[in-house]
Amino acid sequence: MAELVEALVILDNISKEYGSRGKSVRVIDNISLEIGSEFLAILGPSGCGKSTLLRMIAGVEKPSSGRIVYKTHDKGSPSVGFVFQSPNLIPWLTALENVALPLKARGIPAREAEEIARRYLSLVGLQEFENFYPDELSGGMKQRVNIARALSVEPEILLMDEPFSHLDPLTAESLRAELLDIWLSGVSPVKAVVLVTHDVIEAVYMADRIVILTPRPARISKIVSVNLPRPRNRLSPEFGKLVDLVYEYVS
């Protein structure tokens with residue numbers, strides 16, 4: 001398991017409410033959590049607020065109360081990459097151009113942006129497909145482009161919102177293993193990965209810790225440490241016992 005030496009992100013008693021015309025719904029309720037150099041899974045029932053929590057960690061949304069503190073390299077805005085559930089690629093851009101787009105938006109010269117994009121496409125196994133357009137790629141390839149795009153900005157924190165849920169089982173399995181290899185190898189500067197999922201087996205297979213949320217309004221009901229060596233064997237008795245334990249907490 002990754003050493004949780006120092007928190008990269010601190011969630012300090014955060015809550016989130018949505019409302020209009022005098023009506024409000026509380027989605028997140030007083031969550032406190034420290035995220036360090038680790039692979040963290042956020043697990044909970046559909047509609048409980050997992051994606052809302054992820055967007056707040058990303059800084060896309062602000063909590064209604066409480067605060068989020070980032071301990072990133074610049075001690076300011078978080079260095080974050082975001083992998084969405086669907087790839088959301090721009091159809092008239094090639095795979096290379098899609099990955100280079102956020103780099104160019106940051107003011108990186110086009111040639112340098114494409115060199116970086118090419119490196120990360122190679123990292124996800126798509127070096128031969130850089131000039132292909134999204135409609136020429138399979139679902140798994142599109143999600144690889146999505147991951148390469150998130151990694152290309154060289155984030156310290158990688159946020160993933162159910163990135164394997166729309167893929168067939170074999171493709172999803174391959175991508176999970178590849179993502180773990182990228183993170184564990186240290187070939188990218190990512191220090192922490194936060195994965196939103198509703199898949200217990202996926203959480204136990206990938207994570208160092210699993211944060212289990214209650215139904216809405218989401219609170220933390222349990223945090224489970226996954227003290228299993230990698231690569232993890234789904235058929236081992238230890239893996240099965242931990243899956244059963246997490247299912248008990250979720251139910």
# chains A, B, ... in the order shown; residues from 1 in each chain; ligands from 1
>>> closest_atom_pairs(of="segment 89-108 of chain A", to="segment 123-134 of chain A", cutoff="12 Å", atoms="only C-alpha atoms", output="JSON lines")
{"residue": "A:Leu89", "atom": "CA", "partner": "A:Pro134", "partner_atom": "CA", "distance": 6.7}
{"residue": "A:Ile90", "atom": "CA", "partner": "A:Pro134", "partner_atom": "CA", "distance": 7.5}
{"residue": "A:Pro91", "atom": "CA", "partner": "A:Pro134", "partner_atom": "CA", "distance": 5.6}
{"residue": "A:Trp92", "atom": "CA", "partner": "A:Tyr133", "partner_atom": "CA", "distance": 6.8}
{"residue": "A:Leu93", "atom": "CA", "partner": "A:Tyr133", "partner_atom": "CA", "distance": 6.2}
{"residue": "A:Thr94", "atom": "CA", "partner": "A:Tyr133", "partner_atom": "CA", "distance": 4.4}
{"residue": "A:Ala95", "atom": "CA", "partner": "A:Glu130", "partner_atom": "CA", "distance": 5.0}
{"residue": "A:Leu96", "atom": "CA", "partner": "A:Glu130", "partner_atom": "CA", "distance": 4.8}
{"residue": "A:Glu97", "atom": "CA", "partner": "A:Glu130", "partner_atom": "CA", "distance": 8.1}
{"residue": "A:Asn98", "atom": "CA", "partner": "A:Pro134", "partner_atom": "CA", "distance": 9.2}
{"residue": "A:Val99", "atom": "CA", "partner": "A:Glu130", "partner_atom": "CA", "distance": 9.4}
{"residue": "A:Ala100", "atom": "CA", "partner": "A:Glu130", "partner_atom": "CA", "distance": 10.8}
>>> residues_around(residues="segment 175-177 of chain A", least_positions_apart="6", cutoff="8 Å", atoms="only C-alpha atoms", output="PyMOL selection string")
chain A and resi 140+144+164+206
>>> write_last_selection(atoms="C-alpha atoms", output="JSON list (two decimals), in the first residue's frame")
[["chain", "number", "residue", "atom", "x", "y", "z"],
["A", 140, "GLY", "CA", -11.52, 1.31, -25.28],
["A", 144, "ARG", "CA", -7.28, 5.58, -23.54],
["A", 164, "PHE", "CA", -14.59, 1.87, -16.96],
["A", 206, "MET", "CA", -7.37, -1.09, -7.45]]
>>> select_by_dssp(residues="segment 10-249 of chain A", states="strand (DSSP E or B)", output="number ranges by chain")
A: 10-20, 23-35, 39-43, 65-70, 80-83, 157-161, 192-197, 209-213, 218, 220-225
>>> write_last_selection(atoms="C-alpha atoms", output="PDB file, in the first residue's frame")
ATOM      1  CA  ILE A  10      -7.782  17.979   2.989  1.00  0.00           C
ATOM      2  CA  LEU A  11     -11.588  17.970   3.012  1.00  0.00           C
ATOM      3  CA  ASP A  12     -12.575  19.822   6.161  1.00  0.00           C
ATOM      4  CA  ASN A  13     -16.200  19.225   7.164  1.00  0.00           C
ATOM      5  CA  ILE A  14     -17.603  19.962   3.705  1.00  0.00           C
ATOM      6  CA  SER A  15     -21.280  19.970   2.777  1.00  0.00           C
ATOM      7  CA  LYS A  16     -23.046  20.683  -0.498  1.00  0.00           C
ATOM      8  CA  GLU A  17     -26.614  21.818  -1.092  1.00  0.00           C
ATOM      9  CA  TYR A  18     -28.489  22.581  -4.285  1.00  0.00           C
ATOM     10  CA  GLY A  19     -31.640  24.653  -4.285  1.00  0.00           C
ATOM     11  CA  SER A  20     -33.867  27.255  -5.861  1.00  0.00           C
ATOM     12  CA  LYS A  23     -36.256  24.524  -1.849  1.00  0.00           C
ATOM     13  CA  SER A  24     -32.930  22.850  -1.184  1.00  0.00           C
ATOM     14  CA  VAL A  25     -31.445  19.368  -1.300  1.00  0.00           C
ATOM     15  CA  ARG A  26     -28.363  18.423   0.710  1.00  0.00           C
ATOM     16  CA  VAL A  27     -26.157  16.110  -1.333  1.00  0.00           C
ATOM     17  CA  ILE A  28     -22.970  16.001   0.782  1.00  0.00           C
ATOM     18  CA  ASP A  29     -23.182  16.192   4.565  1.00  0.00           C
ATOM     19  CA  ASN A  30     -20.185  17.110   6.726  1.00  0.00           C
ATOM     20  CA  ILE A  31     -17.465  15.009   5.095  1.00  0.00           C
ATOM     21  CA  SER A  32     -13.913  15.235   6.423  1.00  0.00           C
ATOM     22  CA  LEU A  33     -11.132  13.306   4.668  1.00  0.00           C
ATOM     23  CA  GLU A  34      -7.410  13.508   3.998  1.00  0.00           C
ATOM     24  CA  ILE A  35      -6.086  12.252   0.668  1.00  0.00           C
ATOM     25  CA  PHE A  39      -5.023   5.145  -4.778  1.00  0.00           C
ATOM     26  CA  LEU A  40      -8.343   6.037  -3.154  1.00  0.00           C
ATOM     27  CA  ALA A  41     -11.703   4.607  -4.228  1.00  0.00           C
ATOM     28  CA  ILE A  42     -14.980   6.333  -3.374  1.00  0.00           C
ATOM     29  CA  LEU A  43     -17.762   3.791  -3.259  1.00  0.00           C
ATOM     30  CA  SER A  65     -19.903  24.944   3.843  1.00  0.00           C
ATOM     31  CA  GLY A  66     -16.543  23.702   5.056  1.00  0.00           C
ATOM     32  CA  ARG A  67     -13.324  24.036   3.114  1.00  0.00           C
ATOM     33  CA  ILE A  68     -10.961  22.114   0.842  1.00  0.00           C
ATOM     34  CA  VAL A  69      -7.240  22.673   1.353  1.00  0.00           C
ATOM     35  CA  TYR A  70      -4.732  21.736  -1.359  1.00  0.00           C
ATOM     36  CA  VAL A  80      -5.518  17.999 -11.200  1.00  0.00           C
ATOM     37  CA  GLY A  81      -6.328  15.752 -14.160  1.00  0.00           C
ATOM     38  CA  PHE A  82      -9.904  14.555 -14.694  1.00  0.00           C
ATOM     39  CA  VAL A  83     -10.988  11.377 -16.495  1.00  0.00           C
ATOM     40  CA  ILE A 157      -3.880  14.301  -8.489  1.00  0.00           C
ATOM     41  CA  LEU A 158      -5.811  12.194 -11.027  1.00  0.00           C
ATOM     42  CA  LEU A 159      -9.596  12.133 -10.558  1.00  0.00           C
ATOM     43  CA  MET A 160     -11.619   9.433 -12.308  1.00  0.00           C
ATOM     44  CA  ASP A 161     -15.415   9.314 -12.492  1.00  0.00           C
ATOM     45  CA  ALA A 192      -2.782  10.349  -5.866  1.00  0.00           C
ATOM     46  CA  VAL A 193      -5.590   8.725  -7.831  1.00  0.00           C
ATOM     47  CA  VAL A 194      -9.181   9.167  -6.690  1.00  0.00           C
ATOM     48  CA  LEU A 195     -11.608   6.763  -8.380  1.00  0.00           C
ATOM     49  CA  VAL A 196     -15.387   7.065  -8.092  1.00  0.00           C
ATOM     50  CA  THR A 197     -17.037   3.684  -8.594  1.00  0.00           C
ATOM     51  CA  ARG A 209      -8.239   2.687   0.742  1.00  0.00           C
ATOM     52  CA  ILE A 210     -11.972   2.565   0.056  1.00  0.00           C
ATOM     53  CA  VAL A 211     -14.212   5.351   1.291  1.00  0.00           C
ATOM     54  CA  ILE A 212     -17.782   4.077   1.602  1.00  0.00           C
ATOM     55  CA  LEU A 213     -20.550   6.674   1.449  1.00  0.00           C
ATOM     56  CA  ALA A 218     -23.642  11.373   1.591  1.00  0.00           C
ATOM     57  CA  ILE A 220     -18.647   8.623   5.267  1.00  0.00           C
ATOM     58  CA  SER A 221     -19.903   5.389   6.781  1.00  0.00           C
ATOM     59  CA  LYS A 222     -16.604   3.480   6.680  1.00  0.00           C
ATOM     60  CA  ILE A 223     -13.032   3.674   5.405  1.00  0.00           C
ATOM     61  CA  VAL A 224     -11.500   0.299   4.538  1.00  0.00           C
ATOM     62  CA  SER A 225      -7.753  -0.220   4.114  1.00  0.00           C
TER      63      SER A 225
END
>>> residues_around(residues="Ser251 of chain A", least_positions_apart="2", cutoff="10 Å", atoms="only C-alpha atoms", output="MDAnalysis selection string")
chainID A and resid 44:45 214 246:249
>>> atom_distance(atom1="atom CA of Thr171 of chain A", atom2="atom CA of Ser138 of chain A")
10.1 Å
>>> residues_around(residues="Glu154 of chain A", least_positions_apart="4", cutoff="10 Å", atoms="only C-alpha atoms", output="ChimeraX atom specification")
/A:79-81,103,116,120,148-150,158,188-190
>>> atom_distance(atom1="atom CA of Arg230 of chain A", atom2="atom CA of Glu38 of chain A")
13.4 Å
>>> select_by_dssp(residues="segment 115-180 of chain A", states="alpha helix (DSSP H)", output="number ranges by chain")
A: 115-123, 139-152, 169-180
>>> residues_around(residues="Ser165 of chain A", least_positions_apart="4", cutoff="10 Å", atoms="only C-alpha atoms", output="list in words")
Gln85, Ser86, Asp161, Pro169, Ala172, Thr197, His198 and Asp199 of chain A
>>> decode(residues="segment 216-235 of chain A", atoms="N, CA and C atoms", output="compact mmCIF listing (two decimals), in the first residue's frame")
# COMPACT_ATOMS: atom_id res chain seq x y z
N ARG A 216 -27.75 9.42 -0.13
CA ARG A 216 -27.86 10.87 0.00
C ARG A 216 -28.71 11.29 1.19
N PRO A 217 -28.26 12.30 1.95
CA PRO A 217 -27.02 13.07 1.78
C PRO A 217 -25.82 12.26 2.22
N ALA A 218 -24.78 12.26 1.40
CA ALA A 218 -23.64 11.37 1.59
C ALA A 218 -22.83 11.76 2.82
N ARG A 219 -22.61 10.78 3.65
CA ARG A 219 -21.66 10.87 4.76
C ARG A 219 -20.70 9.69 4.61
N ILE A 220 -19.57 9.76 5.27
CA ILE A 220 -18.65 8.62 5.27
C ILE A 220 -19.13 7.62 6.31
N SER A 221 -19.46 6.42 5.84
CA SER A 221 -19.90 5.39 6.78
C SER A 221 -18.75 4.51 7.23
N LYS A 222 -17.73 4.35 6.35
CA LYS A 222 -16.60 3.48 6.68
C LYS A 222 -15.45 3.77 5.74
N ILE A 223 -14.22 3.64 6.24
CA ILE A 223 -13.03 3.67 5.40
C ILE A 223 -12.30 2.35 5.60
N VAL A 224 -12.11 1.63 4.50
CA VAL A 224 -11.50 0.30 4.54
C VAL A 224 -10.10 0.36 3.92
N SER A 225 -9.11 -0.10 4.65
CA SER A 225 -7.75 -0.22 4.11
C SER A 225 -7.61 -1.56 3.39
N VAL A 226 -7.04 -1.51 2.19
CA VAL A 226 -6.86 -2.72 1.40
C VAL A 226 -5.39 -3.13 1.49
N ASN A 227 -5.09 -3.97 2.45
CA ASN A 227 -3.70 -4.37 2.70
C ASN A 227 -3.36 -5.66 1.97
N LEU A 228 -3.57 -5.65 0.66
CA LEU A 228 -3.25 -6.81 -0.18
C LEU A 228 -2.13 -6.43 -1.13
N PRO A 229 -1.15 -7.32 -1.32
CA PRO A 229 -0.04 -7.01 -2.24
C PRO A 229 -0.52 -6.95 -3.68
N ARG A 230 0.19 -6.14 -4.48
CA ARG A 230 -0.09 -6.08 -5.91
C ARG A 230 0.96 -6.88 -6.67
N PRO A 231 0.58 -7.50 -7.81
CA PRO A 231 -0.77 -7.55 -8.40
C PRO A 231 -1.69 -8.43 -7.58
N ARG A 232 -2.97 -8.03 -7.53
CA ARG A 232 -3.93 -8.71 -6.68
C ARG A 232 -4.62 -9.85 -7.42
N ASN A 233 -4.79 -10.93 -6.70
CA ASN A 233 -5.42 -12.13 -7.26
C ASN A 233 -6.87 -12.18 -6.80
N ARG A 234 -7.78 -11.98 -7.76
CA ARG A 234 -9.21 -11.98 -7.42
C ARG A 234 -9.69 -13.32 -6.89
N LEU A 235 -8.97 -14.37 -7.19
CA LEU A 235 -9.39 -15.72 -6.78
C LEU A 235 -8.85 -16.12 -5.41
